[in-house]
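Student: Pasting start-v7.pdb here (PDB, C-alpha atoms, pLDDT in the B column):
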```
ATOM      1  CA  MET A1276      33.179 -30.820  16.991  1.00 53.00           C
ATOM      2  CA  SER A1277      34.223 -29.020  13.838  1.00 56.00           C
ATOM      3  CA  ALA A1278      33.065 -25.568  12.834  1.00 53.00           C
ATOM      4  CA  ARG A1279      31.211 -27.079   9.888  1.00 56.00           C
ATOM      5  CA  GLU A1280      29.185 -29.394  12.158  1.00 54.00           C
ATOM      6  CA  GLU A1281      28.455 -26.529  14.527  1.00 52.00           C
ATOM      7  CA  GLY A1282      27.321 -24.329  11.641  1.00 52.00           C
ATOM      8  CA  ALA A1283      25.033 -27.088  10.379  1.00 51.00           C
ATOM      9  CA  ARG A1284      23.199 -27.090  13.703  1.00 54.00           C
ATOM     10  CA  ARG A1285      22.332 -23.426  13.557  1.00 53.00           C
ATOM     11  CA  PRO A1286      19.069 -22.618  11.815  1.00 52.00           C
ATOM     12  CA  ALA A1287      19.249 -20.335   8.816  1.00 51.00           C
ATOM     13  CA  ARG A1288      18.305 -16.717   9.442  1.00 52.00           C
ATOM     14  CA  ARG A1289      15.133 -15.620   7.760  1.00 53.00           C
ATOM     15  CA  GLY A1290      14.194 -12.136   6.706  1.00 50.00           C
ATOM     16  CA  GLY A1291      16.648  -9.512   5.531  1.00 54.00           C
ATOM     17  CA  GLN A1292      15.189  -6.885   7.839  1.00 57.00           C
ATOM     18  CA  ARG A1293      16.084  -8.797  10.997  1.00 62.00           C
ATOM     19  CA  SER A1294      19.636  -9.446   9.908  1.00 82.00           C
ATOM     20  CA  GLU A1295      20.077  -5.786   8.954  1.00 87.00           C
ATOM     21  CA  ALA A1296      18.761  -4.688  12.364  1.00 86.00           C
ATOM     22  CA  GLU A1297      21.131  -7.116  14.050  1.00 88.00           C
ATOM     23  CA  ARG A1298      24.072  -5.811  12.015  1.00 90.00           C
ATOM     24  CA  ARG A1299      23.182  -2.237  12.983  1.00 91.00           C
ATOM     25  CA  ALA A1300      22.991  -3.177  16.665  1.00 89.00           C
ATOM     26  CA  ARG A1301      26.328  -5.009  16.505  1.00 91.00           C
ATOM     27  CA  ARG A1302      27.919  -2.060  14.728  1.00 92.00           C
ATOM     28  CA  ALA A1303      26.577   0.332  17.380  1.00 92.00           C
ATOM     29  CA  LEU A1304      27.937  -1.843  20.192  1.00 92.00           C
ATOM     30  CA  GLY A1305      31.349  -2.227  18.585  1.00 93.00           C
ATOM     31  CA  GLY A1306      31.660   1.428  17.649  1.00 93.00           C
ATOM     32  CA  GLY A1307      30.386   2.555  21.032  1.00 94.00           C
ATOM     33  CA  GLY A1308      32.895   0.336  22.813  1.00 94.00           C
ATOM     34  CA  LEU A1309      35.803   1.673  20.774  1.00 96.00           C
ATOM     35  CA  LEU A1310      34.691   5.279  21.231  1.00 95.00           C
ATOM     36  CA  LEU A1311      34.279   4.705  24.965  1.00 95.00           C
ATOM     37  CA  LEU A1312      37.819   3.361  25.262  1.00 95.00           C
ATOM     38  CA  THR A1313      39.152   6.313  23.278  1.00 94.00           C
ATOM     39  CA  GLY A1314      37.199   8.837  25.350  1.00 93.00           C
ATOM     40  CA  LEU A1315      38.305   7.276  28.631  1.00 93.00           C
ATOM     41  CA  ALA A1316      41.919   7.278  27.421  1.00 94.00           C
ATOM     42  CA  LEU A1317      41.677  10.980  26.571  1.00 93.00           C
ATOM     43  CA  VAL A1318      40.177  11.783  29.972  1.00 93.00           C
ATOM     44  CA  GLY A1319      42.736   9.544  31.721  1.00 93.00           C
ATOM     45  CA  VAL A1320      45.643  11.475  30.225  1.00 93.00           C
ATOM     46  CA  GLY A1321      44.326  14.768  31.539  1.00 89.00           C
ATOM     47  CA  PRO A1322      41.194  16.863  31.834  1.00 87.00           C
ATOM     48  CA  SER A1323      39.817  17.064  28.335  1.00 86.00           C
ATOM     49  CA  ASP A1324      36.527  18.474  27.083  1.00 91.00           C
ATOM     50  CA  ALA A1325      36.873  16.416  23.895  1.00 90.00           C
ATOM     51  CA  GLY A1326      37.346  13.249  25.954  1.00 91.00           C
ATOM     52  CA  MET A1327      34.301  14.003  28.078  1.00 93.00           C
ATOM     53  CA  GLY A1328      32.137  14.666  25.033  1.00 93.00           C
ATOM     54  CA  LEU A1329      33.388  11.552  23.276  1.00 94.00           C
ATOM     55  CA  THR A1330      32.703   9.439  26.369  1.00 94.00           C
ATOM     56  CA  VAL A1331      29.133  10.733  26.656  1.00 95.00           C
ATOM     57  CA  LEU A1332      28.558  10.133  22.941  1.00 95.00           C
ATOM     58  CA  ALA A1333      29.947   6.602  23.258  1.00 95.00           C
ATOM     59  CA  LEU A1334      27.690   5.829  26.217  1.00 95.00           C
ATOM     60  CA  ALA A1335      24.661   6.996  24.233  1.00 96.00           C
ATOM     61  CA  LEU A1336      25.737   4.776  21.323  1.00 94.00           C
ATOM     62  CA  LEU A1337      26.157   1.795  23.653  1.00 94.00           C
ATOM     63  CA  ILE A1338      22.719   2.379  25.158  1.00 94.00           C
ATOM     64  CA  TYR A1339      21.245   2.466  21.651  1.00 93.00           C
ATOM     65  CA  GLY A1340      23.030  -0.784  20.720  1.00 92.00           C
ATOM     66  CA  ILE A1341      21.873  -2.602  23.849  1.00 91.00           C
ATOM     67  CA  HIS A1342      18.324  -1.354  23.319  1.00 91.00           C
ATOM     68  CA  SER A1343      18.393  -2.501  19.685  1.00 89.00           C
ATOM     69  CA  PHE A1344      19.512  -5.996  20.661  1.00 85.00           C
ATOM     70  CA  GLY A1345      16.759  -6.179  23.251  1.00 84.00           C
ATOM     71  CA  ARG A1346      14.170  -5.250  20.625  1.00 83.00           C
ATOM     72  CA  LEU A1347      15.293  -8.119  18.359  1.00 82.00           C
ATOM     73  CA  GLY A1348      13.779 -10.680  20.719  1.00 79.00           C
ATOM     74  CA  PRO A1349      14.926 -14.176  21.647  1.00 77.00           C
ATOM     75  CA  GLU A1350      16.599 -16.560  19.222  1.00 68.00           C
ATOM     76  CA  ARG A1351      14.196 -18.726  17.245  1.00 65.00           C
ATOM     77  CA  HIS A1352      15.845 -22.054  18.129  1.00 60.00           C
ATOM     78  CA  ALA A1353      15.779 -21.177  21.851  1.00 58.00           C
ATOM     79  CA  LEU A1354      12.011 -20.826  21.656  1.00 56.00           C
ATOM     80  CA  ASP A1355      11.703 -24.156  19.853  1.00 58.00           C
ATOM     81  CA  GLU A1356      13.746 -25.924  22.552  1.00 61.00           C
ATOM     82  CA  ARG A1357      11.576 -24.496  25.323  1.00 61.00           C
ATOM     83  CA  ALA A1358       8.360 -25.463  23.556  1.00 62.00           C
ATOM     84  CA  ALA A1359       9.457 -29.076  22.963  1.00 61.00           C
ATOM     85  CA  PRO A1360       8.694 -31.398  25.901  1.00 61.00           C
ATOM     86  CA  SER A1361      11.772 -32.934  27.523  1.00 63.00           C
ATOM     87  CA  SER A1362      10.201 -36.378  27.813  1.00 63.00           C
ATOM     88  CA  PRO A1363       7.340 -37.999  25.901  1.00 63.00           C
ATOM     89  CA  PRO A1364       3.993 -37.812  27.685  1.00 61.00           C
ATOM     90  CA  SER A1365       2.859 -41.026  29.327  1.00 65.00           C
ATOM     91  CA  THR A1366      -0.553 -42.428  28.467  1.00 63.00           C
TER      92      THR A1366
END
```
Show me this structure written as structure tokens.

Tutor:
Amino acid sequence: MSAREEGARRPARRGGQRSEAERRARRALGGGGLLLLTGLALVGVGPSDAGMGLTVLALALLIYGIHSFGRLGPERHALDERAAPSSPPST
């Protein structure tokens, strides 16, 4: 299956606010992950107050990102698939 066919299956996102909230959550997760790796590298080299502070900051950022994704709710098409009956009702 080509990327174009796969993209055609996905429903279009509606509402600029939701996409902005999703971008913020993704940015927080990506930035938190990079900061966590940097902080752990600094602490791994030797005892470092900067590394410890950076690691704690990164963990807080990751918690915020995970929380933000959880607040977005389930995907719209996943709800539609669950609501649709798998087989037609018999009469």

Student: So which residues touch range 1298-1315 of chain A within 7 Å, counting only C-alpha atoms, skipping near sequence neighbours fewer than 2 positions away, as a ChimeraX atom specification?

Tutor: /A:1294-1296,1317-1319,1326-1327,1329-1330,1333-1334,1336-1337,1340,1343-1344

Student: Please determine, counting all atoms listed in the file, which residue among A:Ala1316, A:Glu1297, A:Pro1322, A:Leu1332 has the shortest atom-to-atom distance to Gly1348 in chain A.

Tutor: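 Looking only at the distances to Gly1348 in chain A, the closest residue turns out to be A:Glu1297.
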
Student: Using the file's own x, y and z axes, so that the box edges lie along x, y and z, what centre and edge lengths in Å (one decimal) does a box around every listed atom of range 1320-1323 of chain A get when 4 Å is added on each side? Give it as JSON.

Tutor:
```
{"center_x": 42.7, "center_y": 14.3, "center_z": 30.1, "size_x": 13.8, "size_y": 13.6, "size_z": 11.5}
```
